[in-house]
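Structure below is protein_27.pdb: PDB, C-alpha atoms and all ligand atoms.
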ATOM      1  CA  MET A   1     137.506  95.150 140.046
ATOM      2  CA  LYS A   2     137.530  96.333 136.451
ATOM      3  CA  SER A   3     139.839  99.188 135.570
ATOM      4  CA  TYR A   4     138.386 102.025 133.540
ATOM      5  CA  SER A   5     141.724 103.712 133.003
ATOM      6  CA  GLN A   6     141.896 102.666 129.349
ATOM      7  CA  ARG A   7     138.687 104.477 128.443
ATOM      8  CA  SER A   8     138.631 107.753 126.621
ATOM      9  CA  LYS A   9     136.113 110.565 126.567
ATOM     10  CA  LEU A  10     134.543 108.948 123.509
ATOM     11  CA  ASP A  11     133.705 105.868 125.577
ATOM     12  CA  GLN A  12     131.513 107.714 128.040
ATOM     13  CA  LYS A  13     127.890 106.786 127.615
ATOM     14  CA  PRO A  14     125.274 109.495 127.930
ATOM     15  CA  ILE A  15     122.651 108.985 130.634
ATOM     16  CA  PHE A  16     119.975 106.606 129.339
ATOM     17  CA  GLU A  17     116.498 108.046 129.276
ATOM     18  CA  LYS A  18     113.554 105.815 128.536
ATOM     19  CA  LYS A  19     111.241 107.541 126.110
ATOM     20  CA  LEU A  20     108.071 106.470 124.360
ATOM     21  CA  ARG A  21     108.973 104.816 121.067
ATOM     22  CA  VAL A  22     107.080 106.382 118.194
ATOM     23  CA  LEU A  23     107.248 104.822 114.744
ATOM     24  CA  ILE A  24     107.324 107.279 111.870
ATOM     25  CA  ASP A  25     106.884 106.365 108.218
ATOM     26  CA  LEU A  26     109.009 108.191 105.661
ATOM     27  CA  ASP A  27     107.320 108.626 102.254
ATOM     28  CA  GLY A  28     104.160 110.677 102.395
ATOM     29  CA  VAL A  29     104.903 111.633 106.009
ATOM     30  CA  VAL A  30     108.422 113.116 106.111
ATOM     31  CA  ARG A  31     109.582 112.817 102.495
ATOM     32  CA  ASP A  32     107.585 114.115  99.542
ATOM     33  CA  PHE A  33     108.179 111.178  97.215
ATOM     34  CA  VAL A  34     105.192 111.856  94.943
ATOM     35  CA  GLY A  35     106.137 115.521  94.531
ATOM     36  CA  SER A  36     109.642 114.540  93.491
ATOM     37  CA  LEU A  37     108.346 111.872  91.085
ATOM     38  CA  ILE A  38     106.106 114.478  89.455
ATOM     39  CA  ARG A  39     108.994 116.946  89.064
ATOM     40  CA  VAL A  40     111.248 114.384  87.389
ATOM     41  CA  TYR A  41     108.395 113.102  85.213
ATOM     42  CA  ASN A  42     107.563 116.637  84.077
ATOM     43  CA  ARG A  43     111.179 117.171  83.090
ATOM     44  CA  VAL A  44     111.248 113.981  81.014
ATOM     45  CA  HIS A  45     107.717 114.313  79.574
ATOM     46  CA  PRO A  46     106.986 118.047  79.554
ATOM     47  CA  GLU A  47     104.099 117.517  77.107
ATOM     48  CA  HIS A  48     102.198 115.142  79.463
ATOM     49  CA  ASP A  49      99.438 116.201  81.832
ATOM     50  CA  ILE A  50      99.516 114.458  85.192
ATOM     51  CA  GLN A  51      96.259 114.087  87.098
ATOM     52  CA  ALA A  52      96.072 114.945  90.786
ATOM     53  CA  VAL A  53      97.310 111.866  92.659
ATOM     54  CA  ASN A  54      94.543 110.809  95.030
ATOM     55  CA  SER A  55      95.077 107.079  95.347
ATOM     56  CA  ARG A  56      98.098 104.801  95.620
ATOM     57  CA  ARG A  57      97.539 103.521  92.079
ATOM     58  CA  LEU A  58     100.106 105.780  90.426
ATOM     59  CA  GLU A  59      99.361 104.267  87.001
ATOM     60  CA  ASP A  60      95.986 106.054  87.039
ATOM     61  CA  PHE A  61      97.526 109.531  87.113
ATOM     62  CA  PHE A  62     100.562 109.420  84.838
ATOM     63  CA  PRO A  63      99.905 109.218  81.062
ATOM     64  CA  ILE A  64     102.424 106.374  80.684
ATOM     65  CA  GLY A  65     100.168 104.190  82.871
ATOM     66  CA  PRO A  66     101.740 101.111  84.493
ATOM     67  CA  ALA A  67     105.114 102.068  82.951
ATOM     68  CA  ILE A  68     105.356 104.615  85.776
ATOM     69  CA  TYR A  69     106.710 101.800  87.957
ATOM     70  CA  LYS A  70     109.481 101.160  85.443
ATOM     71  CA  PHE A  71     110.146 104.918  85.499
ATOM     72  CA  MET A  72     110.865 104.618  89.237
ATOM     73  CA  GLU A  73     113.577 102.008  88.688
ATOM     74  CA  PRO A  74     117.331 102.737  88.375
ATOM     75  CA  GLY A  75     117.864 105.515  85.914
ATOM     76  CA  PHE A  76     115.463 108.025  87.403
ATOM     77  CA  ALA A  77     115.112 106.512  90.886
ATOM     78  CA  GLU A  78     118.327 108.184  92.030
ATOM     79  CA  GLU A  79     117.153 111.626  90.977
ATOM     80  CA  ILE A  80     113.668 111.096  92.405
ATOM     81  CA  ILE A  81     114.956 110.036  95.807
ATOM     82  CA  GLU A  82     117.963 112.318  96.133
ATOM     83  CA  ASN A  83     115.997 115.409  95.164
ATOM     84  CA  ALA A  84     112.867 114.585  97.141
ATOM     85  CA  LEU A  85     112.058 117.409  99.511
ATOM     86  CA  PRO A  86     110.984 117.012 103.104
ATOM     87  CA  LEU A  87     107.270 117.699 103.543
ATOM     88  CA  PRO A  88     106.694 121.174 104.973
ATOM     89  CA  GLY A  89     107.316 121.317 108.717
ATOM     90  CA  ALA A  90     108.120 117.602 109.097
ATOM     91  CA  LEU A  91     111.828 117.892 109.919
ATOM     92  CA  GLU A  92     111.231 120.851 112.179
ATOM     93  CA  ALA A  93     108.640 118.854 114.131
ATOM     94  CA  LEU A  94     110.928 115.817 114.495
ATOM     95  CA  ARG A  95     113.711 118.042 115.809
ATOM     96  CA  GLN A  96     111.378 119.841 118.166
ATOM     97  CA  TRP A  97     110.099 116.617 119.755
ATOM     98  CA  LYS A  98     113.206 114.426 119.633
ATOM     99  CA  ASN A  99     114.011 114.895 123.316
ATOM    100  CA  GLU A 100     110.538 113.829 124.412
ATOM    101  CA  TYR A 101     110.173 110.767 122.166
ATOM    102  CA  GLU A 102     112.345 108.004 120.740
ATOM    103  CA  ILE A 103     111.865 108.575 117.032
ATOM    104  CA  VAL A 104     112.044 105.322 115.072
ATOM    105  CA  ILE A 105     111.839 105.491 111.285
ATOM    106  CA  VAL A 106     109.972 102.559 109.724
ATOM    107  CA  THR A 107     109.728 102.551 105.980
ATOM    108  CA  SER A 108     109.006 100.023 103.231
ATOM    109  CA  GLN A 109     111.440 100.465 100.361
ATOM    110  CA  PRO A 110     112.170  98.404  97.287
ATOM    111  CA  GLU A 111     115.708  97.084  97.350
ATOM    112  CA  ASN A 112     116.958  99.354  94.581
ATOM    113  CA  ILE A 113     116.348 102.545  96.540
ATOM    114  CA  ARG A 114     117.359 101.322  99.995
ATOM    115  CA  ALA A 115     120.829 102.829  99.965
ATOM    116  CA  LEU A 116     119.473 106.065  98.504
ATOM    117  CA  THR A 117     116.987 106.232 101.343
ATOM    118  CA  TYR A 118     119.700 105.854 103.983
ATOM    119  CA  SER A 119     121.590 108.651 102.217
ATOM    120  CA  TRP A 120     118.493 110.844 102.186
ATOM    121  CA  ILE A 121     118.026 110.310 105.936
ATOM    122  CA  GLY A 122     121.641 111.309 106.505
ATOM    123  CA  LYS A 123     121.547 114.258 104.144
ATOM    124  CA  HIS A 124     118.560 115.721 105.994
ATOM    125  CA  ASP A 125     119.989 114.759 109.380
ATOM    126  CA  LEU A 126     116.813 113.126 110.674
ATOM    127  CA  PRO A 127     116.929 113.002 114.489
ATOM    128  CA  THR A 128     116.647 109.237 114.810
ATOM    129  CA  ASN A 129     118.765 106.479 116.327
ATOM    130  CA  GLU A 130     116.920 103.737 114.512
ATOM    131  CA  VAL A 131     115.881 103.179 110.921
ATOM    132  CA  HIS A 132     113.997 100.047 109.875
ATOM    133  CA  ILE A 133     113.493  99.301 106.216
ATOM    134  CA  THR A 134     110.773  96.699 106.356
ATOM    135  CA  PHE A 135     107.390  95.736 104.991
ATOM    136  CA  GLN A 136     106.557  94.322 108.452
ATOM    137  CA  LYS A 137     106.047  97.451 110.497
ATOM    138  CA  THR A 138     104.093  95.588 113.153
ATOM    139  CA  ALA A 139     107.253  93.609 113.955
ATOM    140  CA  ILE A 140     108.904  96.765 115.289
ATOM    141  CA  ALA A 141     108.500  97.721 118.948
ATOM    142  CA  GLY A 142     106.727 101.015 119.399
ATOM    143  CA  ALA A 143     103.579 102.408 120.962
ATOM    144  CA  VAL A 144     102.329 104.494 118.056
ATOM    145  CA  LEU A 145     102.633 104.543 114.262
ATOM    146  CA  LEU A 146     102.303 107.613 112.055
ATOM    147  CA  ASP A 147     101.764 106.515 108.445
ATOM    148  CA  ASP A 148      99.981 107.597 105.268
ATOM    149  CA  PHE A 149      99.154 104.091 103.986
ATOM    150  CA  THR A 150      95.919 102.673 105.346
ATOM    151  CA  ASP A 151      97.040  99.021 105.025
ATOM    152  CA  ASN A 152      99.948  99.753 107.365
ATOM    153  CA  LEU A 153      97.694 101.671 109.732
ATOM    154  CA  GLN A 154      95.117  98.868 109.834
ATOM    155  CA  GLU A 155      97.745  96.175 110.491
ATOM    156  CA  PHE A 156      99.241  98.267 113.263
ATOM    157  CA  ALA A 157      95.841  98.987 114.816
ATOM    158  CA  ASP A 158      95.068  95.253 114.618
ATOM    159  CA  SER A 159      98.218  94.623 116.663
ATOM    160  CA  GLY A 160      96.503  96.551 119.457
ATOM    161  CA  ARG A 161      98.494  99.744 119.150
ATOM    162  CA  LEU A 162      97.700 103.309 118.261
ATOM    163  CA  ALA A 163      97.728 104.054 114.516
ATOM    164  CA  ILE A 164      97.550 107.658 113.365
ATOM    165  CA  CYS A 165      97.092 108.716 109.761
ATOM    166  CA  LEU A 166      98.987 111.609 108.193
ATOM    167  CA  ASP A 167      96.354 113.210 106.023
ATOM    168  CA  GLN A 168      96.951 112.743 102.291
ATOM    169  CA  PRO A 169      94.589 112.716  99.297
ATOM    170  CA  TRP A 170      95.140 108.937  98.971
ATOM    171  CA  ASN A 171      94.067 107.958 102.491
ATOM    172  CA  GLN A 172      90.709 109.663 102.851
ATOM    173  CA  ASP A 173      89.039 106.289 103.521
ATOM    174  CA  TRP A 174      90.858 105.917 106.883
ATOM    175  CA  ALA A 175      88.233 106.245 109.589
ATOM    176  CA  GLY A 176      90.608 106.368 112.567
ATOM    177  CA  LEU A 177      92.712 109.153 114.018
ATOM    178  CA  ARG A 178      94.109 111.629 111.521
ATOM    179  CA  VAL A 179      96.510 114.573 111.712
ATOM    180  CA  LYS A 180      97.507 117.191 109.150
ATOM    181  CA  THR A 181     101.118 117.595 110.259
ATOM    182  CA  VAL A 182     103.883 115.753 112.109
ATOM    183  CA  ASP A 183     103.750 118.398 114.812
ATOM    184  CA  GLU A 184     100.034 117.770 115.289
ATOM    185  CA  PHE A 185     100.845 114.053 115.673
ATOM    186  CA  PHE A 186     103.205 114.691 118.595
ATOM    187  CA  GLN A 187     100.700 117.030 120.227
ATOM    188  CA  LEU A 188      98.053 114.336 119.925
ATOM    189  CA  ILE A 189     100.138 111.564 121.467
ATOM    190  CA  GLN A 190     101.153 113.906 124.249
ATOM    191  CA  LYS A 191      97.466 114.421 124.956
ATOM    192  CA  TYR A 192      97.013 110.647 125.037
ATOM    193  CA  GLN A 193      99.822 110.306 127.538
ATOM    194  CA  PHE A 194      98.242 112.881 129.807
ATOM    195  CA  ASN A 195      95.067 110.860 129.612
ATOM    196  CA  GLN A 196      96.659 107.541 130.437
ATOM    197  CA  GLU A 197      93.881 105.969 132.415
ATOM    198  CA  LYS A 198      91.897 105.758 129.162
ATOM    199  CA  ASN A 199      94.836 104.450 127.196
ATOM    200  CA  GLU A 200      96.208 101.442 128.987
ATOM    201  CA  ASN A 201      98.162 100.404 125.917
ATOM    202  CA  ILE A 202     100.443 103.391 125.979
ATOM    203  CA  LYS A 203     100.620 103.302 129.744
ATOM    204  CA  GLN A 204     101.880  99.727 129.711
ATOM    205  CA  GLN A 205     104.521 100.489 127.138
ATOM    206  CA  LEU A 206     105.730 103.460 129.094
ATOM    207  CA  THR A 207     106.379 101.503 132.268
TER     208      THR A 207
HETATM  209 MG    MG B 301     104.255 106.224 103.355
END
Since I need it in another form, could you write the structure as structure tokens?
Ligand SMILES: [Mg+2]
Amino acid sequence: MKSYSQRSKLDQKPIFEKKLRVLIDLDGVVRDFVGSLIRVYNRVHPEHDIQAVNSRRLEDFFPIGPAIYKFMEPGFAEEIIENALPLPGALEALRQWKNEYEIVIVTSQPENIRALTYSWIGKHDLPTNEVHITFQKTAIAGAVLLDDFTDNLQEFADSGRLAICLDQPWNQDWAGLRVKTVDEFFQLIQKYQFNQEKNENIKQQLT
């Protein structure tokens, strides 16, 4: 028989609780990337007028056009990411629901801001045990995805799972489920769970 006498208090595992895995996107859902980009841009180009961003084509709203993507590269990227604010209520909602759901962060990030993104997640103490930086969100196990990018939502829905859109000016063409806040998202999936006979997908992933 194995001896456990060499173990310390730090080696004790907490009781494992199986929770529904919910996949949560970062930018446009938890982190206000566009707001931070606008603040930094305004500081650098105070004389420029930025149009209201209502599509993902950022070059259409910033007077420097396609050079906006260059603007997001090292130099200003650090400031944009580090100083990005959480979207109102998002962190509070994640903390409020973290005991009910396994919160998995799934975010697509260019390589140059990957480390900054991990730092941002740490700085804001996101209640997650898992962070995936990937362009292949459908490869990650999880019953539900909350995202603001309709391509991601469509791919996830096509994989037979529940895709929920976080309402933003740039995703108004999404015809599926939509919520205004992260808290509303959790309330909605809770409703789905209580209505399991109609939602075999979630039911199967829960058992
Ligand atoms: Mg996003």
With only C-alpha atoms and all ligand atoms counted, collect every polymer residue having an atom within 6 Å of ligand MG 301 (chain B); state the result as a count of residues only. 7
Identify all residues satisfying the PyMOL selection byres (((chain A and resi 50) around 7) and not hetatm) in the given file; provide them as a ChimeraX atom specification. /A:48-49,51-52,61-63
Atom-to-atom span, CA of Pro110 in chain A and CA of Tyr41 in chain A, Å: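 Going from CA of Pro110 in chain A over to CA of Tyr41 in chain A, I get 19.4 Å.
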So that I can check the surroundings of range 171-178 of chain A, please list as a PyMOL selection string every protein, DNA and RNA residue that reaches within 12 Å of it, counting only C-alpha atoms and ignoring chain neighbours fewer than 4 positions away. chain A and resi 28-29+53-57+144-154+156-157+162-167+182+184-186+188-189+192
Extract, using only C-alpha atoms, all DNA, RNA and protein residues at most 10 Å from Ile133 in chain A, discarding same-chain residues fewer than 6 positions from it, and format them as a list in words.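 My list of contacting residues is Asp25, Leu26, Ile105, Val106, Thr107, Ser108, Gln109, Pro110, Glu111, Arg114, Thr117 and Tyr118 of chain A.
CA of Val104 in chain A lies 5.2 Å from CA of Glu130 in chain A.
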For CA of Pro74 in chain A and CA of Leu116 in chain A, quote the distance in Å rounded to one decimal.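 Between CA of Pro74 in chain A and CA of Leu116 in chain A the gap works out to 10.9 Å.
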With 6 Å on each side, where is the centre of the axis-aligned box around all listed atoms of range 150-156 of chain A, and how long are its edges in Å to one decimal, as AutoDock Vina command-line options?
--center_x 97.5 --center_y 99.4 --center_z 109.1 --size_x 16.8 --size_y 18.5 --size_z 20.2
